[in-house]
>>> print(open('target.txt').read())   # compact mmCIF, C-alpha atoms and all ligand atoms
# COMPACT_ATOMS: atom_id res chain seq x y z
CA MET A 29 9.33 18.16 21.21
CA PRO A 30 6.10 20.18 21.07
CA ARG A 31 3.69 18.88 18.41
CA THR A 32 3.59 22.16 16.42
CA LEU A 33 7.40 22.32 16.27
CA GLY A 34 7.51 18.68 15.14
CA LEU A 35 5.00 19.41 12.37
CA ALA A 36 6.92 22.51 11.27
CA LEU A 37 10.18 20.53 11.09
CA ALA A 38 8.42 17.74 9.16
CA SER A 39 7.11 20.31 6.65
CA VAL A 40 10.58 21.79 6.16
CA ALA A 41 12.00 18.28 5.73
CA LEU A 42 9.34 17.54 3.11
CA LEU A 43 10.10 20.77 1.27
CA ILE A 44 13.82 19.96 1.19
CA ALA A 45 13.08 16.38 0.14
CA THR A 46 10.81 17.58 -2.66
CA VAL A 47 13.49 19.94 -3.91
CA TRP A 48 16.05 17.13 -3.82
CA GLY A 49 13.62 14.65 -5.32
CA ARG A 50 13.64 12.06 -2.58
CA PRO A 51 11.15 11.18 0.16
CA ALA A 52 11.34 12.92 3.53
CA ASP A 53 13.05 11.36 6.55
CA PRO A 54 10.62 10.49 9.34
CA PRO A 55 10.43 13.23 11.98
CA ASP A 56 10.93 12.45 15.67
CA GLY A 57 7.64 11.40 17.13
CA LEU A 58 6.21 9.88 13.94
CA ASP A 59 5.94 6.40 15.47
CA ALA A 60 4.02 7.74 18.46
CA ARG A 61 1.74 9.81 16.23
CA VAL A 62 0.88 6.91 13.88
CA ARG A 63 0.35 4.55 16.81
CA ARG A 64 -1.93 7.08 18.50
CA PHE A 65 -3.96 7.46 15.30
CA LEU A 66 -4.26 3.71 14.66
CA ASP A 67 -5.07 2.95 18.31
CA GLY A 68 -7.70 5.68 18.34
CA ARG A 69 -9.37 4.35 15.18
CA ARG A 70 -9.32 0.69 16.19
CA GLY A 71 -12.82 -0.76 15.75
CA THR A 72 -14.04 2.15 13.62
CA TRP A 73 -12.93 1.11 10.12
CA ARG A 74 -16.02 0.37 8.02
CA ASP A 75 -14.85 0.62 4.42
CA MET A 76 -13.63 -2.88 3.57
CA ASN A 77 -10.33 -2.02 5.28
CA VAL A 78 -7.76 -4.68 6.11
CA PRO A 79 -7.70 -6.09 9.66
CA GLU A 80 -4.95 -4.80 11.93
CA ALA A 81 -2.92 -8.02 11.66
CA ASP A 82 -2.81 -7.68 7.88
CA GLY A 83 -1.80 -4.03 8.07
CA ARG A 84 1.00 -5.00 10.42
CA ALA A 85 2.08 -7.83 8.07
CA LEU A 86 2.36 -5.36 5.17
CA HIS A 87 4.34 -2.93 7.34
CA ASP A 88 6.76 -5.62 8.50
CA LEU A 89 7.29 -6.96 4.97
CA VAL A 90 8.30 -3.49 3.75
CA ILE A 91 10.66 -2.96 6.70
CA GLU A 92 12.30 -6.39 6.48
CA ASN A 93 13.02 -6.01 2.77
CA LYS A 94 13.75 -2.26 2.85
CA TYR A 95 11.23 -1.71 0.09
CA LYS A 96 11.10 1.84 -1.20
CA ARG A 97 8.85 2.02 -4.24
CA GLY A 98 5.33 0.99 -3.28
CA LEU A 99 2.06 0.76 -5.15
CA GLU A 100 -1.32 0.08 -3.56
CA ILE A 101 -4.38 -0.60 -5.71
CA GLY A 102 -7.45 0.12 -3.59
CA THR A 103 -6.91 2.85 -0.99
CA SER A 104 -10.40 2.96 0.50
CA THR A 105 -10.15 5.19 3.58
CA GLY A 106 -6.50 4.39 4.07
CA ARG A 107 -5.98 1.81 6.78
CA SER A 108 -3.54 -0.38 4.85
CA GLY A 109 -1.99 2.71 3.25
CA ILE A 110 -1.13 4.10 6.67
CA TRP A 111 0.63 0.88 7.68
CA ILE A 112 2.57 0.72 4.38
CA ALA A 113 3.49 4.42 4.33
CA TRP A 114 4.55 4.25 7.97
CA ALA A 115 7.04 1.56 6.95
CA MET A 116 8.09 3.55 3.87
CA ALA A 117 8.86 6.51 6.12
CA LYS A 118 11.44 4.29 7.83
CA THR A 119 12.93 2.77 4.65
CA GLY A 120 13.13 6.11 2.82
CA GLY A 121 10.43 5.06 0.37
CA LYS A 122 7.12 6.29 -0.92
CA LEU A 123 3.75 4.73 -1.69
CA ILE A 124 1.45 5.50 -4.62
CA THR A 125 -2.10 4.51 -3.73
CA ILE A 126 -5.10 4.54 -6.06
CA ASP A 127 -8.86 4.59 -5.52
CA ILE A 128 -11.74 5.30 -7.86
CA ASP A 129 -14.20 6.42 -5.17
CA GLU A 130 -13.99 10.15 -4.49
CA GLY A 131 -15.50 10.07 -0.99
CA ARG A 132 -13.17 7.33 0.22
CA HIS A 133 -10.18 8.97 -1.48
CA ARG A 134 -10.91 12.29 0.30
CA GLN A 135 -11.31 10.55 3.66
CA ALA A 136 -8.07 8.64 3.08
CA VAL A 137 -6.18 11.87 2.33
CA ALA A 138 -7.53 13.36 5.56
CA ASN A 139 -6.55 10.21 7.48
CA PHE A 140 -3.03 10.23 6.00
CA LYS A 141 -2.58 13.82 7.17
CA GLU A 142 -3.95 13.14 10.63
CA ALA A 143 -1.83 10.01 11.05
CA GLY A 144 1.27 11.95 9.99
CA VAL A 145 2.18 9.79 6.98
CA ALA A 146 1.04 12.13 4.16
CA PRO A 147 4.64 12.99 3.11
CA TRP A 148 5.20 9.33 2.17
CA ILE A 149 2.00 8.86 0.16
CA ASP A 150 0.95 9.95 -3.29
CA ALA A 151 -2.83 9.32 -3.25
CA ARG A 152 -4.44 9.25 -6.69
CA LEU A 153 -8.14 9.44 -7.47
CA ALA A 154 -8.33 7.31 -10.61
CA ASP A 155 -9.56 4.14 -12.26
CA ALA A 156 -6.76 1.66 -11.62
CA HIS A 157 -7.73 -0.26 -14.77
CA THR A 158 -6.22 2.55 -16.83
CA LEU A 159 -3.76 4.13 -14.38
CA VAL A 160 -1.88 0.97 -13.34
CA PRO A 161 -0.78 0.01 -16.89
CA ALA A 162 0.16 3.64 -17.53
CA LEU A 163 2.32 4.09 -14.41
CA GLU A 164 5.98 4.57 -15.17
CA GLY A 165 8.95 3.19 -13.34
CA SER A 166 9.60 0.12 -11.30
CA PHE A 167 8.10 -0.98 -7.97
CA ASP A 168 9.53 -3.25 -5.30
CA PHE A 169 6.27 -3.58 -3.37
CA VAL A 170 2.73 -3.89 -4.73
CA PHE A 171 -0.47 -4.46 -2.74
CA ILE A 172 -3.62 -5.34 -4.68
CA ASP A 173 -6.84 -4.75 -2.73
CA ALA A 174 -9.44 -3.45 -5.22
CA ASP A 175 -12.00 -5.04 -7.56
CA LYS A 176 -11.48 -8.79 -7.19
CA ASP A 177 -12.38 -9.78 -10.76
CA TRP A 178 -9.55 -7.59 -12.05
CA TYR A 179 -6.77 -9.07 -9.87
CA THR A 180 -5.19 -11.12 -12.68
CA ASN A 181 -5.18 -8.09 -14.97
CA TYR A 182 -3.52 -6.01 -12.24
CA ALA A 183 -0.90 -8.74 -11.77
CA LYS A 184 -0.18 -8.86 -15.51
CA ALA A 185 0.18 -5.08 -15.59
CA VAL A 186 2.50 -4.76 -12.57
CA LEU A 187 4.66 -7.88 -12.73
CA PRO A 188 6.90 -6.54 -15.54
CA LYS A 189 7.43 -3.43 -13.36
CA LEU A 190 8.26 -5.43 -10.20
CA THR A 191 11.97 -5.60 -9.41
CA VAL A 192 13.67 -8.92 -8.67
CA GLY A 193 13.44 -9.31 -4.88
CA GLY A 194 10.24 -7.29 -4.87
CA SER A 195 6.91 -8.58 -3.57
CA LEU A 196 3.49 -8.66 -5.16
CA THR A 197 0.96 -8.86 -2.33
CA ALA A 198 -2.82 -9.10 -2.43
CA HIS A 199 -5.74 -9.25 -0.05
CA ASN A 200 -8.66 -11.72 -0.04
CA VAL A 201 -6.80 -14.39 -1.97
CA SER A 202 -7.32 -18.08 -1.37
CA PRO A 203 -6.68 -21.28 -3.35
CA ARG A 204 -10.31 -22.27 -2.73
CA GLY A 205 -13.70 -21.03 -1.55
CA GLY A 206 -15.44 -17.70 -2.06
CA TRP A 207 -12.34 -15.56 -2.53
CA ARG A 208 -11.04 -18.09 -5.05
CA ARG A 209 -14.22 -17.66 -7.10
CA MET A 210 -14.17 -13.85 -6.80
CA THR A 211 -10.52 -13.44 -7.76
CA GLY A 212 -10.75 -15.80 -10.74
CA ASP A 213 -7.50 -17.41 -11.82
CA PHE A 214 -5.28 -14.91 -9.93
CA TYR A 215 -3.95 -17.48 -7.44
CA GLU A 216 -3.17 -20.09 -10.11
CA TYR A 217 -1.70 -17.50 -12.45
CA VAL A 218 0.78 -16.08 -9.93
CA THR A 219 1.68 -19.30 -8.12
CA ASN A 220 2.40 -21.05 -11.44
CA LEU A 221 4.86 -18.40 -12.59
CA PRO A 222 8.35 -19.96 -12.37
CA ASN A 223 9.97 -16.73 -11.12
CA MET A 224 7.53 -16.11 -8.24
CA GLU A 225 7.66 -17.72 -4.77
CA SER A 226 4.30 -17.45 -3.05
CA SER A 227 3.06 -17.83 0.53
CA PHE A 228 0.68 -16.21 3.01
CA ARG A 229 1.51 -13.84 5.83
CA ALA A 230 -1.44 -13.24 8.18
CA GLY A 231 -4.30 -12.72 5.70
CA VAL A 232 -2.05 -11.38 2.98
CA PHE A 233 -0.96 -13.31 -0.11
CA VAL A 234 2.73 -12.58 -0.70
CA SER A 235 4.57 -13.51 -3.87
CA ARG A 236 8.23 -12.65 -4.21
CA LYS A 237 9.90 -12.22 -7.57
CA VAL A 238 13.04 -14.37 -7.44
CA ALA A 239 14.18 -14.03 -11.04
CA LYS A 240 13.51 -11.85 -14.04
C1 LIG B 301 -11.19 -3.52 -0.08
S1 LIG B 301 -11.21 -1.80 -0.36
C2 LIG B 301 -9.54 -1.32 -0.02
C3 LIG B 301 -9.23 -1.32 1.46
C4 LIG B 301 -7.91 -0.65 1.78
N1 LIG B 301 -6.81 -1.33 1.15
C5 LIG B 301 -7.70 -0.60 3.29
O1 LIG B 301 -7.28 -1.62 3.86
O2 LIG B 301 -7.98 0.42 3.91
C6 LIG B 301 -11.30 -1.75 -2.12
C7 LIG B 301 -11.22 -0.37 -2.74
O3 LIG B 301 -10.95 -0.54 -4.14
C8 LIG B 301 -11.55 0.51 -4.83
N2 LIG B 301 -11.69 0.17 -6.25
C9 LIG B 301 -12.54 -0.72 -6.82
N3 LIG B 301 -12.38 -0.73 -8.16
C10 LIG B 301 -11.40 0.16 -8.44
C11 LIG B 301 -10.80 0.62 -9.64
N4 LIG B 301 -11.14 0.14 -10.84
N5 LIG B 301 -9.81 1.55 -9.56
C12 LIG B 301 -9.44 2.05 -8.35
N6 LIG B 301 -9.99 1.67 -7.18
C13 LIG B 301 -10.96 0.74 -7.22
C14 LIG B 301 -12.89 0.72 -4.12
O4 LIG B 301 -13.38 2.02 -4.36
C15 LIG B 301 -12.52 0.44 -2.66
O5 LIG B 301 -12.33 1.64 -1.94
>>> encode(input="target.txt", output="structure tokens", more="lines below")
Ligand SMILES: C[S@@+](CC[C@H](N)C(=O)[O-])C[C@H]1O[C@@H](n2cnc3c(N)ncnc32)[C@H](O)[C@@H]1O
Amino acid sequence: MPRTLGLALASVALLIATVWGRPADPPDGLDARVRRFLDGRRGTWRDMNVPEADGRALHDLVIENKYKRGLEIGTSTGRSGIWIAWAMAKTGGKLITIDIDEGRHRQAVANFKEAGVAPWIDARLADAHTLVPALEGSFDFVFIDADKDWYTNYAKAVLPKLTVGGSLTAHNVSPRGGWRRMTGDFYEYVTNLPNMESSFRAGVFVSRKVAK
């Protein structure tokens, strides 16, 4: 299918989806378009973005669990958001992503459009300290990748909104060392909760809610 026709069909699908209140189905050619974008940008990410293996781990986790309601805290220029939204396009979900930095937010929005995943992302320019507690609704997938000293506060704000079976994930988490010092008691807090089962996948901390 010619690229312009594909884009036009995707726009119509998004319009219909908006009217019906559900995310758009992925258009033919989305996989190739996202892959082309990510391949083309490999080695150029300079804004504290996740490594490719961690982006892929987030994508696969969403696909395997059919997660549909995603929240990312810390968009930066959008590398992890592209991986997550790409997966959400396949599960029929949508990702809200938040960043406080206007320049990075603008670049992320441009990247989401270019990669073809914009219909599955709601990118907010905001301070997550105030927006995250104020967000309504439940989430089945959360990725924390913003200010490290606020990780525990983010966890406390989102865990009541995380569905059973949902995953709280976070970047730069470790039981010891530099990340342990920077993220405070986040690791202990989450791993000691009786209803969370925690592990690592690539460089991503993953904690699954197994009971209310
Ligand atoms: C490590 S980067 C995120 C990288 C991104 N997840 C990726 O892989 O492309 C951290 C981001 O968190 C943002 N941030 C820091 N404090 C924040 C806050 N209070 N609210 C929202 N965003 C914040 C920074 O502006 C920065 O862009």
>>> residues_around(input="target.txt", residues="region 117-121 of chain A", least_positions_apart="2", cutoff="10 Å", atoms="only C-alpha atoms", output="mmCIF file with C-alpha atoms, keeping the file's coordinate frame")
data_model
loop_
_atom_site.group_PDB
_atom_site.id
_atom_site.type_symbol
_atom_site.label_atom_id
_atom_site.label_comp_id
_atom_site.auth_asym_id
_atom_site.auth_seq_id
_atom_site.Cartn_x
_atom_site.Cartn_y
_atom_site.Cartn_z
ATOM 1 C CA ARG A 50 13.640 12.060 -2.580
ATOM 2 C CA PRO A 51 11.150 11.180 0.160
ATOM 3 C CA ALA A 52 11.340 12.920 3.530
ATOM 4 C CA ASP A 53 13.050 11.360 6.550
ATOM 5 C CA PRO A 54 10.620 10.490 9.340
ATOM 6 C CA PRO A 55 10.430 13.230 11.980
ATOM 7 C CA LEU A 58 6.210 9.880 13.940
ATOM 8 C CA ASP A 59 5.940 6.400 15.470
ATOM 9 C CA VAL A 90 8.300 -3.490 3.750
ATOM 10 C CA ILE A 91 10.660 -2.960 6.700
ATOM 11 C CA GLU A 92 12.300 -6.390 6.480
ATOM 12 C CA ASN A 93 13.020 -6.010 2.770
ATOM 13 C CA LYS A 94 13.750 -2.260 2.850
ATOM 14 C CA TYR A 95 11.230 -1.710 0.090
ATOM 15 C CA LYS A 96 11.100 1.840 -1.200
ATOM 16 C CA ARG A 97 8.850 2.020 -4.240
ATOM 17 C CA GLY A 98 5.330 0.990 -3.280
ATOM 18 C CA ILE A 112 2.570 0.720 4.380
ATOM 19 C CA ALA A 113 3.490 4.420 4.330
ATOM 20 C CA TRP A 114 4.550 4.250 7.970
ATOM 21 C CA ALA A 115 7.040 1.560 6.950
ATOM 22 C CA LEU A 123 3.750 4.730 -1.690
ATOM 23 C CA VAL A 145 2.180 9.790 6.980
ATOM 24 C CA ALA A 146 1.040 12.130 4.160
ATOM 25 C CA PRO A 147 4.640 12.990 3.110
ATOM 26 C CA TRP A 148 5.200 9.330 2.170
ATOM 27 C CA ILE A 149 2.000 8.860 0.160
#
>>> residues_near_ligand(input="target.txt", ligand="ligand LIG 301 (chain B)", cutoff="6 Å", atoms="all atoms listed in the file", output="PyMOL selection string")
chain A and resi 76-78+102-108+126-129+154-157+173-175
>>> residues_around(input="target.txt", residues="Val234 (chain A)", least_positions_apart="4", cutoff="8 Å", atoms="all atoms listed in the file", output="PyMOL selection string")
chain A and resi 195-198+226-229
>>> write_last_selection(input="target.txt", atoms="C-alpha atoms", output="mmCIF file, in the coordinates of the input")
data_model
loop_
_atom_site.group_PDB
_atom_site.id
_atom_site.type_symbol
_atom_site.label_atom_id
_atom_site.label_comp_id
_atom_site.auth_asym_id
_atom_site.auth_seq_id
_atom_site.Cartn_x
_atom_site.Cartn_y
_atom_site.Cartn_z
ATOM 1 C CA SER A 195 6.910 -8.580 -3.570
ATOM 2 C CA LEU A 196 3.490 -8.660 -5.160
ATOM 3 C CA THR A 197 0.960 -8.860 -2.330
ATOM 4 C CA ALA A 198 -2.820 -9.100 -2.430
ATOM 5 C CA SER A 226 4.300 -17.450 -3.050
ATOM 6 C CA SER A 227 3.060 -17.830 0.530
ATOM 7 C CA PHE A 228 0.680 -16.210 3.010
ATOM 8 C CA ARG A 229 1.510 -13.840 5.830
#
>>> atom_distance(input="target.txt", atom1="CA of Gly71 (chain A)", atom2="CA of Val170 (chain A)")
25.9 Å
>>> closest_residue(input="target.txt", among="A:Ala230, A:Ala143, A:Ile101, A:Met224", to="Gly194 (chain A)", atoms="only C-alpha atoms")
A:Met224
>>> residues_around(input="target.txt", residues="region 159-161 of chain A", least_positions_apart="5", cutoff="10 Å", atoms="only C-alpha atoms", output="JSON, numbers by chain")
{"A": [99, 100, 101, 126, 152, 153, 154, 181, 182, 183, 184, 185, 186, 189]}
>>> residues_around(input="target.txt", residues="Ser202 (chain A)", least_positions_apart="4", cutoff="12 Å", atoms="all atoms listed in the file", output="VMD selection string")
chain A and resid 176 198 206 to 216 218 to 219 226 to 228 231 to 234
>>> closest_residue(input="target.txt", among="A:Trp111, A:Phe169, A:Tyr179, A:Trp73", to="His199 (chain A)", atoms="all atoms listed in the file")
A:Tyr179
>>> atom_distance(input="target.txt", atom1="CA of Gly109 (chain A)", atom2="CA of Ile124 (chain A)")
9.0 Å
>>> residues_around(input="target.txt", residues="Ala60 (chain A)", least_positions_apart="4", cutoff="10 Å", atoms="all atoms listed in the file", output="list in words")
Asp56, Arg64, Phe65, Leu66, Ala143 and Gly144 of chain A
>>> atom_distance(input="target.txt", atom1="CA of Asp82 (chain A)", atom2="CA of Asn200 (chain A)")
10.6 Å
>>> closest_residue(input="target.txt", among="A:Gly205, A:Met116, A:Thr180, A:Leu221", to="Leu86 (chain A)", atoms="only C-alpha atoms")
A:Met116
>>> closest_residue(input="target.txt", among="A:Gln135, A:Tyr217, A:Asn223, A:Lys122", to="Asp150 (chain A)", atoms="all atoms listed in the file")
A:Lys122
>>> decode(input="target.txt", residues="region 51-156 of chain A", atoms="C-alpha atoms", output="CSV table (one decimal), in the first residue's frame")
chain,number,residue,atom,x,y,z
A,51,PRO,CA,-8.0,3.2,20.5
A,52,ALA,CA,-7.4,2.8,16.8
A,53,ASP,CA,-6.5,-0.6,15.2
A,54,PRO,CA,-3.0,-0.7,13.9
A,55,PRO,CA,-2.9,0.1,10.1
A,56,ASP,CA,-1.1,-2.3,7.7
A,57,GLY,CA,2.5,-1.4,7.5
A,58,LEU,CA,2.8,-0.1,11.1
A,59,ASP,CA,5.3,-2.7,12.1
A,60,ALA,CA,7.6,-1.9,9.1
A,61,ARG,CA,7.2,1.9,9.8
A,62,VAL,CA,8.1,1.6,13.5
A,63,ARG,CA,11.0,-0.7,12.8
A,64,ARG,CA,12.3,1.6,10.1
A,65,PHE,CA,12.2,4.5,12.6
A,66,LEU,CA,13.8,2.7,15.4
A,67,ASP,CA,16.5,1.2,13.1
A,68,GLY,CA,17.2,4.6,11.7
A,69,ARG,CA,17.6,6.2,15.1
A,70,ARG,CA,19.7,3.5,16.6
A,71,GLY,CA,22.8,5.1,18.2
A,72,THR,CA,21.4,8.6,18.2
A,73,TRP,CA,19.4,8.6,21.4
A,74,ARG,CA,21.0,11.1,23.8
A,75,ASP,CA,18.4,12.0,26.3
A,76,MET,CA,18.7,9.4,29.0
A,77,ASN,CA,16.6,7.0,26.9
A,78,VAL,CA,16.4,3.3,27.6
A,79,PRO,CA,18.7,0.9,25.7
A,80,GLU,CA,17.1,-1.1,22.9
A,81,ALA,CA,16.9,-4.3,24.9
A,82,ASP,CA,14.9,-2.6,27.6
A,83,GLY,CA,12.5,-1.0,25.1
A,84,ARG,CA,12.0,-4.5,23.6
A,85,ALA,CA,11.4,-6.0,27.1
A,86,LEU,CA,8.7,-3.4,27.8
A,87,HIS,CA,7.1,-4.1,24.4
A,88,ASP,CA,7.1,-7.8,24.9
A,89,LEU,CA,5.7,-7.6,28.5
A,90,VAL,CA,2.7,-5.5,27.1
A,91,ILE,CA,2.1,-8.0,24.3
A,92,GLU,CA,2.4,-11.1,26.4
A,93,ASN,CA,-0.1,-9.8,29.0
A,94,LYS,CA,-2.4,-8.0,26.5
A,95,TYR,CA,-2.0,-4.8,28.6
A,96,LYS,CA,-4.2,-2.0,27.4
A,97,ARG,CA,-4.1,0.9,29.8
A,98,GLY,CA,-0.5,2.2,30.1
A,99,LEU,CA,1.2,5.0,32.0
A,100,GLU,CA,4.7,6.1,31.5
A,101,ILE,CA,6.3,8.6,33.9
A,102,GLY,CA,9.3,10.2,32.1
A,103,THR,CA,8.8,10.4,28.4
A,104,SER,CA,12.1,12.2,27.5
A,105,THR,CA,12.3,12.1,23.7
A,106,GLY,CA,10.2,9.0,23.4
A,107,ARG,CA,12.3,5.9,22.9
A,108,SER,CA,10.6,3.7,25.5
A,109,GLY,CA,7.2,5.3,24.7
A,110,ILE,CA,7.6,4.2,21.1
A,111,TRP,CA,8.2,0.6,22.1
A,112,ILE,CA,5.3,0.6,24.6
A,113,ALA,CA,2.9,2.3,22.2
A,114,TRP,CA,3.9,0.0,19.4
A,115,ALA,CA,2.8,-2.9,21.6
A,116,MET,CA,-0.4,-1.1,22.7
A,117,ALA,CA,-1.3,-0.7,19.0
A,118,LYS,CA,-1.4,-4.5,18.8
A,119,THR,CA,-3.3,-5.1,22.1
A,120,GLY,CA,-5.8,-2.3,21.4
A,121,GLY,CA,-4.5,-0.2,24.2
A,122,LYS,CA,-3.2,3.3,24.8
A,123,LEU,CA,-0.3,4.9,26.7
A,124,ILE,CA,-0.4,8.1,28.7
A,125,THR,CA,3.2,9.4,29.0
A,126,ILE,CA,4.3,12.4,31.1
A,127,ASP,CA,7.3,14.7,31.0
A,128,ILE,CA,8.0,18.0,32.6
A,129,ASP,CA,10.6,19.2,30.1
A,130,GLU,CA,9.0,21.1,27.2
A,131,GLY,CA,11.8,20.6,24.7
A,132,ARG,CA,12.0,16.8,25.2
A,133,HIS,CA,8.2,16.6,25.2
A,134,ARG,CA,8.0,18.4,21.9
A,135,GLN,CA,10.7,16.2,20.4
A,136,ALA,CA,8.9,13.1,21.7
A,137,VAL,CA,5.6,14.2,20.1
A,138,ALA,CA,7.4,14.7,16.8
A,139,ASN,CA,9.1,11.2,17.2
A,140,PHE,CA,5.8,9.5,18.0
A,141,LYS,CA,4.3,11.0,14.8
A,142,GLU,CA,7.3,10.0,12.6
A,143,ALA,CA,7.4,6.5,14.1
A,144,GLY,CA,3.6,6.1,13.4
A,145,VAL,CA,2.6,5.4,17.0
A,146,ALA,CA,1.0,8.8,17.8
A,147,PRO,CA,-2.6,7.4,17.7
A,148,TRP,CA,-1.8,5.2,20.7
A,149,ILE,CA,-0.1,7.8,22.8
A,150,ASP,CA,-1.5,10.6,24.9
A,151,ALA,CA,1.7,12.7,25.7
A,152,ARG,CA,1.3,15.2,28.6
A,153,LEU,CA,3.6,18.1,29.4
A,154,ALA,CA,3.3,18.2,33.2
A,155,ASP,CA,4.9,17.7,36.6
A,156,ALA,CA,4.3,14.0,37.3
